[in-house]
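Structure below is entry15.txt: compact mmCIF, C-alpha atoms.
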# COMPACT_ATOMS: atom_id res chain seq x y z
CA MET A 1279 121.45 166.24 111.44
CA ALA A 1280 124.76 167.69 110.27
CA LEU A 1281 123.69 168.46 106.69
CA SER A 1282 124.07 172.16 105.96
CA HIS A 1283 123.48 174.37 102.94
CA SER A 1284 127.18 175.00 102.26
CA LYS A 1285 128.22 171.34 102.68
CA LEU A 1286 125.49 170.18 100.32
CA SER A 1287 126.38 172.89 97.84
CA ARG A 1288 129.99 171.60 97.79
CA PHE A 1289 128.72 168.00 97.51
CA GLU A 1290 126.55 168.93 94.53
CA SER A 1291 129.42 170.70 92.77
CA ILE A 1292 131.38 167.43 93.02
CA ILE A 1293 128.66 164.99 91.96
CA ALA A 1294 127.15 167.18 89.19
CA PRO A 1295 130.02 166.56 86.69
CA VAL A 1296 130.12 162.84 87.67
CA ASN A 1297 126.39 162.65 87.09
CA LEU A 1298 126.67 164.41 83.74
CA ALA A 1299 129.39 161.96 82.67
CA LEU A 1300 127.34 158.95 83.80
CA ILE A 1301 124.21 160.10 81.99
CA GLY A 1302 126.29 160.86 78.87
CA ALA A 1303 127.81 157.37 79.08
CA LEU A 1304 124.35 155.84 79.60
CA LEU A 1305 122.96 157.59 76.51
CA TRP A 1306 125.99 156.49 74.50
CA LEU A 1307 125.60 152.87 75.64
CA VAL A 1308 121.81 152.80 75.10
CA PHE A 1309 121.80 154.37 71.64
CA MET A 1310 125.23 153.44 70.22
CA VAL A 1311 126.46 150.22 71.86
CA VAL A 1312 123.71 147.77 72.89
CA PRO A 1313 122.32 145.75 69.99
CA ASN A 1314 118.64 145.66 69.15
CA GLU A 1315 116.78 143.09 71.25
CA ARG A 1316 115.75 140.13 69.05
CA VAL A 1317 111.97 140.26 69.64
CA MET A 1318 111.19 143.82 70.71
CA GLY A 1319 113.61 145.72 68.47
CA PRO A 1320 114.65 149.32 69.26
CA VAL A 1321 111.78 150.04 71.70
CA GLN A 1322 113.42 147.72 74.24
CA ARG A 1323 116.05 150.45 74.82
CA ILE A 1324 113.52 152.26 77.02
CA PHE A 1325 114.06 149.41 79.53
CA TYR A 1326 117.34 150.97 80.78
CA PHE A 1327 115.56 154.17 81.85
CA HIS A 1328 112.49 152.28 83.09
CA VAL A 1329 114.41 150.01 85.50
CA GLY A 1330 116.68 152.84 86.73
CA SER A 1331 113.66 155.04 87.51
CA ALA A 1332 111.91 152.20 89.35
CA ILE A 1333 114.99 151.65 91.53
CA ALA A 1334 115.19 155.41 92.21
CA CYS A 1335 111.53 155.32 93.23
CA TYR A 1336 112.18 152.51 95.74
CA ILE A 1337 115.16 154.43 97.15
CA ALA A 1338 112.86 157.43 97.68
CA CYS A 1339 110.41 155.20 99.60
CA ALA A 1340 113.26 153.98 101.84
CA VAL A 1341 114.30 157.60 102.53
CA ILE A 1342 110.67 158.50 103.37
CA PHE A 1343 110.49 155.57 105.82
CA PHE A 1344 113.75 156.20 107.69
CA CYS A 1345 113.36 160.00 107.76
CA GLY A 1346 109.76 159.60 108.97
CA ILE A 1347 110.93 157.48 111.92
CA ALA A 1348 113.82 159.88 112.58
CA TYR A 1349 111.45 162.88 112.55
CA LEU A 1350 109.00 161.31 115.01
CA SER A 1351 111.86 160.31 117.34
CA THR A 1352 113.81 163.58 117.30
CA ARG A 1353 111.38 166.20 115.85
CA GLY A 1354 114.32 167.49 113.80
CA ILE A 1355 112.85 169.66 111.05
CA LYS A 1356 115.63 168.64 108.63
CA TYR A 1357 114.27 165.08 108.59
CA ASP A 1358 110.88 166.48 107.63
CA ILE A 1359 112.44 168.50 104.80
CA LEU A 1360 114.19 165.34 103.55
CA THR A 1361 110.91 163.36 103.72
CA GLN A 1362 109.23 166.06 101.65
CA ALA A 1363 112.09 166.07 99.12
CA ALA A 1364 111.99 162.26 98.80
CA ALA A 1365 108.19 162.24 98.35
CA GLU A 1366 108.36 164.82 95.56
CA ILE A 1367 111.34 163.28 93.76
CA GLY A 1368 110.05 159.72 94.25
CA PHE A 1369 106.78 160.82 92.65
CA VAL A 1370 108.67 162.18 89.61
CA PHE A 1371 110.67 158.93 89.18
CA CYS A 1372 107.51 156.85 89.67
CA THR A 1373 105.81 158.90 86.93
CA ILE A 1374 108.82 158.29 84.63
CA THR A 1375 108.61 154.54 85.35
CA LEU A 1376 104.89 154.47 84.56
CA VAL A 1377 105.20 156.57 81.40
CA THR A 1378 108.18 154.59 80.02
CA GLY A 1379 106.31 151.37 80.85
CA MET A 1380 103.25 152.63 78.97
CA ILE A 1381 105.33 153.59 75.93
CA TRP A 1382 106.89 150.10 75.92
CA GLY A 1383 103.48 148.51 76.53
CA HIS A 1384 102.00 150.34 73.55
CA ALA A 1385 104.69 148.85 71.31
CA ALA A 1386 104.54 145.37 72.85
CA TRP A 1387 100.86 144.90 73.68
CA ASN A 1388 99.30 147.52 71.40
CA THR A 1389 97.63 149.21 74.38
CA TRP A 1390 98.75 151.97 76.75
CA PHE A 1391 97.52 150.22 79.88
CA ARG A 1392 96.18 146.82 80.76
CA TRP A 1393 95.23 145.09 83.96
CA GLU A 1394 98.56 143.39 84.42
CA PRO A 1395 99.48 142.92 88.11
CA ARG A 1396 102.85 144.70 87.99
CA LEU A 1397 101.42 147.68 86.12
CA VAL A 1398 98.57 147.97 88.60
CA THR A 1399 100.90 147.73 91.61
CA PHE A 1400 103.11 150.50 90.23
CA LEU A 1401 100.04 152.64 89.63
CA VAL A 1402 99.13 152.03 93.29
CA LEU A 1403 102.64 153.12 94.30
CA TRP A 1404 102.19 156.28 92.20
CA LEU A 1405 98.88 156.98 93.99
CA ILE A 1406 100.54 156.44 97.39
CA LEU A 1407 103.27 158.97 96.55
CA LEU A 1408 100.62 161.35 95.20
CA ALA A 1409 98.76 161.02 98.52
CA LEU A 1410 101.92 161.95 100.44
CA ASN A 1411 102.25 165.13 98.38
CA LEU A 1412 98.54 165.93 98.69
CA LEU A 1413 98.74 165.72 102.48
CA ARG A 1414 101.48 168.37 102.42
CA ALA A 1415 99.29 170.61 100.27
CA PHE A 1416 95.90 170.17 101.94
CA GLY A 1417 96.49 168.64 105.39
CA ASP A 1418 96.21 170.19 108.86
CA SER A 1419 98.71 173.03 108.46
CA THR A 1420 99.65 173.05 112.17
CA ARG A 1421 100.76 169.38 112.19
CA ILE A 1422 101.99 168.72 108.65
CA PRO A 1423 105.44 167.30 109.63
CA GLN A 1424 104.04 164.73 112.12
CA HIS A 1425 101.21 163.71 109.83
CA ALA A 1426 103.48 163.45 106.78
CA ALA A 1427 105.92 161.30 108.79
CA ILE A 1428 103.09 158.96 109.92
CA LEU A 1429 101.65 158.64 106.43
CA GLY A 1430 105.18 158.19 105.05
CA ILE A 1431 105.95 155.32 107.43
CA VAL A 1432 102.64 153.50 106.76
CA SER A 1433 103.01 154.10 103.00
CA ALA A 1434 106.63 152.89 102.89
CA LEU A 1435 105.63 149.75 104.80
CA THR A 1436 102.79 149.14 102.35
CA VAL A 1437 105.01 149.52 99.25
CA PRO A 1438 106.92 146.18 99.58
CA ILE A 1439 103.63 144.40 100.32
CA VAL A 1440 102.05 145.90 97.21
CA VAL A 1441 105.11 145.04 95.09
CA PHE A 1442 105.53 141.46 96.36
CA SER A 1443 101.80 140.66 96.43
CA ILE A 1444 101.97 140.13 92.65
CA ASN A 1445 103.76 136.85 93.39
CA LEU A 1446 100.43 135.61 94.75
CA VAL A 1447 98.72 136.23 91.41
CA PRO A 1448 98.83 133.23 89.00
CA GLN A 1449 101.76 133.41 86.58
CA PHE A 1450 99.55 133.10 83.49
CA THR A 1451 97.93 136.48 84.25
CA GLN A 1452 101.32 138.22 84.32
CA LEU A 1453 102.48 139.72 81.06
CA HIS A 1454 105.26 141.92 82.44
CA PRO A 1455 108.64 140.60 81.23
CA GLN A 1456 110.61 138.83 83.97
CA VAL A 1457 113.90 139.93 82.44
CA ILE A 1458 116.25 139.37 85.35
CA GLY A 1459 114.42 136.41 86.93
CA ASN A 1460 114.37 134.51 83.63
CA ARG A 1461 117.95 135.48 82.73
CA GLY A 1462 116.66 137.35 79.70
CA LEU A 1463 119.74 139.56 79.30
CA LYS A 1464 121.82 137.38 76.99
CA ASP A 1465 124.30 139.93 75.65
CA PRO A 1466 126.81 141.23 78.27
CA SER A 1467 126.25 144.79 77.01
CA PHE A 1468 122.59 144.52 78.12
CA ILE A 1469 123.74 143.85 81.68
CA TYR A 1470 126.32 146.60 82.05
CA THR A 1471 124.03 149.14 80.36
CA MET A 1472 121.30 148.24 82.84
CA CYS A 1473 123.76 148.64 85.74
CA MET A 1474 124.91 151.98 84.29
CA GLY A 1475 121.26 153.07 84.01
CA MET A 1476 120.59 152.22 87.65
CA ALA A 1477 123.77 153.95 88.86
CA ALA A 1478 123.20 157.10 86.76
CA LEU A 1479 119.58 157.53 87.81
CA ALA A 1480 120.31 156.78 91.48
CA LEU A 1481 123.04 159.43 91.47
CA LEU A 1482 120.72 161.87 89.68
CA GLU A 1483 118.17 161.23 92.41
CA LEU A 1484 120.79 161.91 95.08
CA GLN A 1485 121.65 165.21 93.43
CA LEU A 1486 117.98 166.20 93.13
CA LEU A 1487 117.37 165.23 96.76
CA SER A 1488 120.28 167.43 97.85
CA LEU A 1489 119.03 170.33 95.74
CA ARG A 1490 115.43 170.00 97.02
CA PHE A 1491 116.73 169.69 100.58
CA ARG A 1492 118.67 172.97 100.21
CA ILE A 1493 115.54 174.67 98.87
CA GLY A 1494 113.65 173.32 101.90
CA LEU A 1495 116.27 174.74 104.26
CA LEU A 1496 115.87 178.16 102.65
CA GLU A 1497 112.05 177.91 102.79
CA HIS A 1498 112.21 177.20 106.52
CA GLY A 1499 114.71 180.02 107.05
CA LEU A 1500 117.29 177.59 108.42
CA GLU A 1501 120.11 178.85 106.17
CA GLU A 1502 120.88 182.20 104.63
CA MET B 195 91.04 148.44 129.98
CA ARG B 196 88.49 150.52 131.88
CA SER B 197 89.37 153.59 129.80
CA ILE B 198 88.98 151.68 126.56
CA LEU B 199 85.57 150.37 127.60
CA ALA B 200 84.45 153.84 128.72
CA LEU B 201 85.54 155.39 125.41
CA LEU B 202 83.91 152.59 123.46
CA ARG B 203 80.69 152.96 125.43
CA LYS B 204 80.71 156.71 124.79
CA ASP B 205 81.13 156.24 121.04
CA LEU B 206 78.55 153.50 120.71
CA LEU B 207 76.00 155.33 122.90
CA ASN B 208 76.56 158.48 120.91
CA GLU B 209 75.95 156.58 117.68
CA LEU B 210 72.88 154.80 119.02
CA ARG B 211 71.37 158.12 120.20
CA HIS B 212 72.05 160.14 117.06
CA ARG B 213 72.25 157.30 114.49
CA GLU B 214 74.07 159.68 112.16
CA VAL B 215 76.76 157.39 110.76
CA LEU B 216 74.63 154.24 110.73
CA SER B 217 71.76 155.86 108.84
CA LEU B 218 74.22 157.47 106.43
CA LEU B 219 75.93 154.13 105.89
CA VAL B 220 72.74 152.11 105.32
CA GLY B 221 71.31 154.81 103.02
CA LEU B 222 74.52 154.91 100.99
CA ALA B 223 74.69 151.10 100.78
CA ILE B 224 71.19 150.96 99.29
CA LEU B 225 71.84 153.87 96.95
CA VAL B 226 75.18 152.69 95.58
CA ALA B 227 73.91 149.11 95.16
CA LEU B 228 70.89 150.46 93.28
CA ILE B 229 73.07 152.59 90.98
CA LEU B 230 75.23 149.53 90.23
CA ALA B 231 72.12 147.44 89.58
CA ILE B 232 70.77 150.06 87.13
CA GLY B 233 74.15 150.16 85.33
CA ILE B 234 74.52 146.40 85.13
CA ASN B 235 70.92 145.83 84.00
CA GLY B 236 71.39 148.52 81.35
CA ALA B 237 74.47 146.71 80.05
CA PHE B 238 72.51 143.42 79.68
CA ILE B 239 75.10 141.39 81.59
CA SER B 240 74.00 137.80 82.15
CA PRO B 241 73.02 136.71 85.70
CA GLU B 242 75.93 134.21 85.73
CA ALA B 243 78.43 136.97 84.90
CA VAL B 244 76.89 139.20 87.60
CA ARG B 245 77.38 136.43 90.18
CA LYS B 246 81.04 136.24 89.17
CA LEU B 247 81.30 140.00 89.63
CA TYR B 248 79.51 139.96 92.98
CA PRO B 249 82.60 139.38 95.24
CA ALA B 250 84.36 142.36 93.66
CA LEU B 251 81.23 144.53 93.73
CA ILE B 252 80.61 144.03 97.45
CA TRP B 253 84.13 145.23 98.29
CA VAL B 254 83.90 148.19 95.92
CA VAL B 255 80.59 149.30 97.47
CA SER B 256 81.73 148.54 101.01
CA VAL B 257 85.04 150.43 100.79
CA LEU B 258 83.33 153.38 99.14
CA ILE B 259 80.51 153.82 101.65
CA CYS B 260 82.65 153.03 104.70
CA THR B 261 85.28 155.59 103.65
CA ILE B 262 82.62 158.27 103.29
CA SER B 263 81.13 157.52 106.71
CA ILE B 264 84.35 156.89 108.66
CA GLY B 265 85.39 160.50 108.07
CA LYS B 266 82.93 161.41 110.82
CA SER B 267 84.62 159.21 113.44
CA PHE B 268 86.66 162.02 115.03
CA GLU B 269 84.19 164.83 114.38
CA TYR B 270 82.66 164.80 117.89
CA GLU B 271 86.09 164.98 119.52
CA ALA B 272 87.44 167.57 117.10
CA ALA B 273 84.49 169.91 117.65
CA GLY B 274 85.38 172.44 120.32
CA GLN B 275 88.77 170.78 120.92
CA ALA B 276 87.05 168.09 123.03
CA ILE B 277 89.83 165.72 122.01
CA ASP B 278 92.28 167.65 124.24
CA GLY B 279 90.06 166.88 127.24
CA VAL B 280 89.88 163.19 126.30
CA LEU B 281 93.68 163.05 125.93
CA LEU B 282 94.19 164.71 129.32
CA ARG B 283 92.11 162.00 131.03
CA LEU B 284 93.94 159.09 129.39
CA ASP B 285 97.07 157.33 130.68
CA GLN B 286 97.99 156.05 127.24
CA VAL B 287 96.90 157.55 123.91
CA TRP B 288 96.75 154.11 122.24
CA GLN B 289 93.66 153.42 124.39
CA LEU B 290 91.78 156.07 122.42
CA PHE B 291 92.99 154.50 119.17
CA LEU B 292 91.86 151.03 120.20
CA ALA B 293 88.45 152.26 121.34
CA LYS B 294 87.98 154.15 118.07
CA VAL B 295 89.03 151.13 116.00
CA ILE B 296 86.54 148.89 117.78
CA SER B 297 83.67 151.37 117.41
CA ASN B 298 84.56 151.99 113.75
CA TYR B 299 84.81 148.23 113.23
CA ALA B 300 81.24 147.76 114.49
CA VAL B 301 79.98 150.54 112.22
CA VAL B 302 81.79 149.36 109.05
CA ALA B 303 80.65 145.79 109.70
CA VAL B 304 77.03 147.01 109.64
CA GLY B 305 77.76 148.92 106.41
CA HIS B 306 79.49 145.97 104.77
CA PHE B 307 76.80 143.41 105.56
CA THR B 308 74.08 145.85 104.47
CA ALA B 309 75.92 146.29 101.15
CA MET B 310 76.23 142.50 100.80
CA LEU B 311 72.52 142.05 101.45
CA MET B 312 71.41 144.83 99.09
CA LEU B 313 73.65 143.60 96.26
CA ALA B 314 72.43 140.02 96.81
CA LEU B 315 68.82 141.22 96.58
CA PHE B 316 69.34 143.40 93.51
CA PHE B 317 71.48 140.83 91.64
CA ASP B 318 69.42 137.79 92.63
CA VAL B 319 72.35 136.15 94.43
CA PRO B 320 71.22 133.44 96.92
CA LEU B 321 71.40 134.51 100.56
CA THR B 322 73.60 131.50 101.21
CA VAL B 323 76.33 133.96 100.31
CA PHE B 324 76.31 134.81 104.04
CA SER B 325 78.25 131.61 104.73
CA VAL B 326 80.61 131.28 107.69
CA PRO B 327 83.85 131.51 105.60
CA MET B 328 82.52 134.61 103.79
CA VAL B 329 81.63 136.28 107.10
CA VAL B 330 85.01 135.34 108.65
CA VAL B 331 86.90 136.79 105.66
CA ALA B 332 84.79 139.96 105.82
CA LEU B 333 85.44 140.37 109.55
CA LEU B 334 89.20 139.87 109.07
CA VAL B 335 89.42 142.37 106.21
CA LEU B 336 87.21 144.91 108.00
CA TRP B 337 89.49 144.87 111.06
CA GLY B 338 92.48 145.91 108.93
CA TYR B 339 90.30 148.49 107.20
CA ALA B 340 89.06 149.93 110.52
CA ALA B 341 92.61 150.13 111.95
CA LEU B 342 94.05 151.89 108.91
CA ALA B 343 91.03 154.16 108.38
CA THR B 344 91.05 155.25 112.05
CA LEU B 345 94.73 156.23 111.84
CA ILE B 346 94.33 158.07 108.52
CA SER B 347 91.12 159.84 109.59
CA ALA B 348 93.03 161.21 112.60
CA LEU B 349 95.43 162.83 110.09
CA THR B 350 92.67 164.54 108.14
CA VAL B 351 90.26 165.56 110.90
CA ARG B 352 91.44 169.17 111.07
CA SER B 353 91.92 169.65 107.35
CA SER B 354 89.52 171.99 105.60
CA LEU B 355 89.25 169.43 102.77
CA ARG B 356 88.71 166.53 105.17
CA SER B 357 85.96 164.72 103.26
CA MET B 358 87.93 164.77 100.01
CA LEU B 359 91.38 164.20 101.49
CA LEU B 360 90.51 161.06 103.48
CA PRO B 361 89.66 158.85 100.45
CA LEU B 362 92.71 160.16 98.58
CA LEU B 363 95.04 159.17 101.44
CA LEU B 364 93.26 155.99 102.51
CA LEU B 365 92.28 154.20 99.30
CA PRO B 366 95.78 153.78 97.76
CA LEU B 367 96.99 152.19 101.02
CA LEU B 368 94.01 149.83 101.04
CA PHE B 369 94.84 148.14 97.74
CA PRO B 370 96.74 145.12 99.14
CA LEU B 371 93.92 144.47 101.61
CA LEU B 372 91.37 144.88 98.83
CA PHE B 373 93.28 142.46 96.54
CA GLY B 374 93.21 139.88 99.34
CA ALA B 375 89.52 140.51 100.13
CA ILE B 376 88.40 140.11 96.51
CA GLU B 377 90.54 137.01 95.90
CA LEU B 378 89.33 135.25 99.07
CA SER B 379 85.67 136.20 98.53
CA SER B 380 85.84 134.99 94.92
CA VAL B 381 87.33 131.64 95.91
CA ILE B 382 84.67 131.12 98.60
CA MET B 383 81.73 132.21 96.47
CA LEU B 384 82.63 130.77 93.11
CA GLY B 385 84.28 127.67 94.47
CA SER B 386 87.22 128.21 92.13
CA SER B 387 90.60 126.60 92.66
CA PRO B 388 91.77 127.28 96.22
CA GLN B 389 95.37 127.63 94.97
CA GLY B 390 97.17 130.33 96.93
CA VAL B 391 94.28 130.86 99.37
CA SER B 392 96.53 130.35 102.39
CA HIS B 393 98.90 133.04 101.04
CA TRP B 394 96.07 135.54 100.55
CA LEU B 395 94.74 134.73 104.01
CA ALA B 396 98.23 135.22 105.47
CA LEU B 397 98.45 138.55 103.61
CA VAL B 398 95.15 139.76 105.08
CA ILE B 399 96.06 138.68 108.63
CA GLY B 400 99.55 140.19 108.24
CA LEU B 401 98.04 143.50 107.09
CA ASP B 402 95.59 143.45 110.03
CA LEU B 403 98.55 143.11 112.39
CA LEU B 404 100.67 145.68 110.56
CA TYR B 405 97.96 148.36 110.53
CA SER B 406 97.03 147.67 114.16
CA VAL B 407 100.65 147.92 115.35
CA CYS B 408 101.27 151.04 113.21
CA GLY B 409 98.14 152.65 114.66
CA LEU B 410 99.02 151.79 118.27
CA LEU B 411 102.54 153.19 117.86
CA LEU B 412 101.84 156.21 115.68
CA PHE B 413 98.43 157.44 116.80
CA GLU B 414 99.87 159.53 119.65
CA HIS B 415 101.97 161.52 117.15
CA ALA B 416 98.85 162.16 115.06
CA VAL B 417 96.77 163.72 117.84
CA ARG B 418 99.33 165.23 120.21
CA ASP B 419 101.67 168.14 119.44
Once more with this new file: its structure as structure tokens, please.
Amino acid sequence: MALSHSKLSRFESIIAPVNLALIGALLWLVFMVVPNERVMGPVQRIFYFHVGSAIACYIACAVIFFCGIAYLSTRGIKYDILTQAAAEIGFVFCTITLVTGMIWGHAAWNTWFRWEPRLVTFLVLWLILLALNLLRAFGDSTRIPQHAAILGIVSALTVPIVVFSINLVPQFTQLHPQVIGNRGLKDPSFIYTMCMGMAALALLELQLLSLRFRIGLLEHGLEE
Amino acid sequence: MRSILALLRKDLLNELRHREVLSLLVGLAILVALILAIGINGAFISPEAVRKLYPALIWVVSVLICTISIGKSFEYEAAGQAIDGVLLRLDQVWQLFLAKVISNYAVVAVGHFTAMLMLALFFDVPLTVFSVPMVVVALLVLWGYAALATLISALTVRSSLRSMLLPLLLLPLLFPLLFGAIELSSVIMLGSSPQGVSHWLALVIGLDLLYSVCGLLLFEHAVRD
């Protein structure tokens, strides 16, 4: 793997201002441009952060999967560091998705949590990412990279099954809004703000991954 | 094939001689079912409602007790690094995985059917609950469970927090299998609308295959340096 401390440092110095600009633009769009949603009112604005965080969480799962396979094939320690970084950052974005969903749910359903299939599946995803981090902390210290890669691969394969299994649950039990599937975004500003939210949070995730990866390199004494 | 049978024979003989896991499993099944019965009787839930809950309760009890007992599946090999000797004698490491899955499958099947029986006795559910479809669904789900649990228990066997770490790693991954198990058991037992049954069945069989293939491919990395 050709990623080095100095290259990543240069990369971060380039994407940091872009990221700052994107997040600034996102905040401006969310709080100054998009109109209030007709039914939900101002609380719907949390949707732009909620969806972006969920996408970032899925990206982290994909990184865990591919880096896990790469580690087991090559035993390159940098892949293990990247798997660790993705597990930690994916967990943070998953927590943001759950918390923003609960805040919205409290306004919409008058309860912080209910047994709605999509909520439950995201809670399962959060538990899976928590398990990945727990293995790092409490697993067999002599084989942590192999074991984390194995658990990462099995977990990442389980995530799409967990997410898509809600389609098997009857529609009437599902209260989660099907915004995109039902073409719920009527105003064009809703759509480009959502796209901006996804882009800004994905780029923020990339920057955090790079930063955590550099810390990992220093922890392993691979870079001075 | 000969290696798999030899390993399987060793595990089953070991279990039959010591009866550690089986007695633990049966004892836990009775205990947990009794605790649930005390809680449900205390809450004055009607017998009809309890029968509706029964398919979910059997899987809750079964997963709980099997996860506690399956943690012991690699303990004999891990003690005194005996696993290194076993690995030296094998041509392919997946043979050890397959033998362990089959022996764990036999043990968890005993645990599951004991839990089913105890819950049926305590909740006054007719013993016709042991119908062929119910048993087939249980056997399908337990195969996926045994495959995944064997792989995950190999990851935790040398951890100092083994008994606590295994449920934390295993249970979140089991949720899709558990969703399928509860849905299928409910449809069979309550005779509710069979809408989507084929999808749930496909999900369970797909997960059985996925966990088996993952275990066969990844197990070597879990036990060898």
With a distance threshold of 10 Å and counting only C-alpha atoms, extract the residues of chain B near chain A and express them as number ranges by chain. B: 342, 345-346, 348-356, 358-371, 373-374, 377, 389-391, 393-394, 397, 400-401, 404-405, 408-409, 411-413, 415-419
Straight-line distance linking atom CA of Met383 of chain B with atom CA of Thr322 of chain B, stated in Å to one decimal: 9.4 Å
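Picture a line from atom CA of Pro249 of chain B to atom CA of Lys266 of chain B; it runs 27.0 Å.
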Taking (117.1, 166.7, 99.8) in the file's coordinates as the center, which residues reach within 12 Å of it, counting all atoms listed in the file, put as JSON, numbers by chain? {"A": [1281, 1282, 1283, 1286, 1287, 1289, 1290, 1338, 1341, 1342, 1345, 1356, 1357, 1358, 1359, 1360, 1361, 1362, 1363, 1364, 1365, 1366, 1367, 1368, 1482, 1483, 1484, 1485, 1486, 1487, 1488, 1489, 1490, 1491, 1492, 1493, 1494, 1495, 1496]}
Using only C-alpha atoms, the residue out of B:Ile232, B:Leu219, B:Ala237, B:Leu251 with shortest distance to Ala314 of chain B is B:Leu251
Of B:Met328, B:Val302, B:Leu216, B:Leu334, the one nearest to Leu403 of chain B when counting only C-alpha atoms is B:Leu334
Do you have the atom CA of Gln286 of chain B-atom CA of Glu414 of chain B distance handy?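 If I compute the distance from atom CA of Gln286 of chain B to atom CA of Glu414 of chain B, I get 8.6 Å.
Residue neighbourhood of Lys246 of chain B, excluding near-sequence residues (fewer than 2 positions): Ile239, Ser240, Pro241, Glu242, Ala243, Val244, Tyr248, Pro249, Ala250, Leu251, Ile252, Phe317, Val319, Ile376, Glu377, Ser379, Ser380, Val381, Ile382, Met383, Leu384, Gly385 and Ser386 of chain B, at 12 Å, using all atoms listed in the file.
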Selection from above, C-alpha atoms, as a PDB file, in the frame of the given file, can you write it?
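Final output, selection34.pdb:
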ATOM      1  CA  ILE B 239      75.100 141.390  81.590  1.00  0.00           C
ATOM      2  CA  SER B 240      74.000 137.800  82.150  1.00  0.00           C
ATOM      3  CA  PRO B 241      73.020 136.710  85.700  1.00  0.00           C
ATOM      4  CA  GLU B 242      75.930 134.210  85.730  1.00  0.00           C
ATOM      5  CA  ALA B 243      78.430 136.970  84.900  1.00  0.00           C
ATOM      6  CA  VAL B 244      76.890 139.200  87.600  1.00  0.00           C
ATOM      7  CA  TYR B 248      79.510 139.960  92.980  1.00  0.00           C
ATOM      8  CA  PRO B 249      82.600 139.380  95.240  1.00  0.00           C
ATOM      9  CA  ALA B 250      84.360 142.360  93.660  1.00  0.00           C
ATOM     10  CA  LEU B 251      81.230 144.530  93.730  1.00  0.00           C
ATOM     11  CA  ILE B 252      80.610 144.030  97.450  1.00  0.00           C
ATOM     12  CA  PHE B 317      71.480 140.830  91.640  1.00  0.00           C
ATOM     13  CA  VAL B 319      72.350 136.150  94.430  1.00  0.00           C
ATOM     14  CA  ILE B 376      88.400 140.110  96.510  1.00  0.00           C
ATOM     15  CA  GLU B 377      90.540 137.010  95.900  1.00  0.00           C
ATOM     16  CA  SER B 379      85.670 136.200  98.530  1.00  0.00           C
ATOM     17  CA  SER B 380      85.840 134.990  94.920  1.00  0.00           C
ATOM     18  CA  VAL B 381      87.330 131.640  95.910  1.00  0.00           C
ATOM     19  CA  ILE B 382      84.670 131.120  98.600  1.00  0.00           C
ATOM     20  CA  MET B 383      81.730 132.210  96.470  1.00  0.00           C
ATOM     21  CA  LEU B 384      82.630 130.770  93.110  1.00  0.00           C
ATOM     22  CA  GLY B 385      84.280 127.670  94.470  1.00  0.00           C
ATOM     23  CA  SER B 386      87.220 128.210  92.130  1.00  0.00           C
TER      24      SER B 386
END
Show me the residues around (114.2, 154.4, 86.9) - criterion: an atom at most 10 Å away, only C-alpha atoms counted - as a list of chain:residue names.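 It turns out the residues near that spot are A:Phe1325, A:Tyr1326, A:Phe1327, A:His1328, A:Val1329, A:Gly1330, A:Ser1331, A:Ala1332, A:Ile1333, A:Ala1334, A:Cys1335, A:Tyr1336, A:Gly1368, A:Val1370, A:Phe1371, A:Cys1372, A:Thr1373, A:Ile1374, A:Thr1375, A:Leu1376, A:Thr1378, A:Gly1475, A:Met1476, A:Ala1477, A:Ala1478, A:Leu1479, A:Ala1480, A:Glu1483.
Residues within 8 Å of Asp402 of chain B, counting only C-alpha atoms and excluding same-chain residues fewer than 5 positions away, are Leu334, Val335, Trp337, Gly338, Tyr339 and Ala341 of chain B.
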Quick one: residues within 10 Å of Cys260 of chain B, all atoms listed in the file, excluding same-chain residues fewer than 6 positions away - as a list in words?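 Close residues of Cys260 of chain B: Val215, Leu218, Leu219, Val220, Leu222, Ala223, Asn298, Val301, Val302, Ala303, Val304, Gly305, His306, Leu336, Tyr339, Ala340 and Ala343 of chain B.
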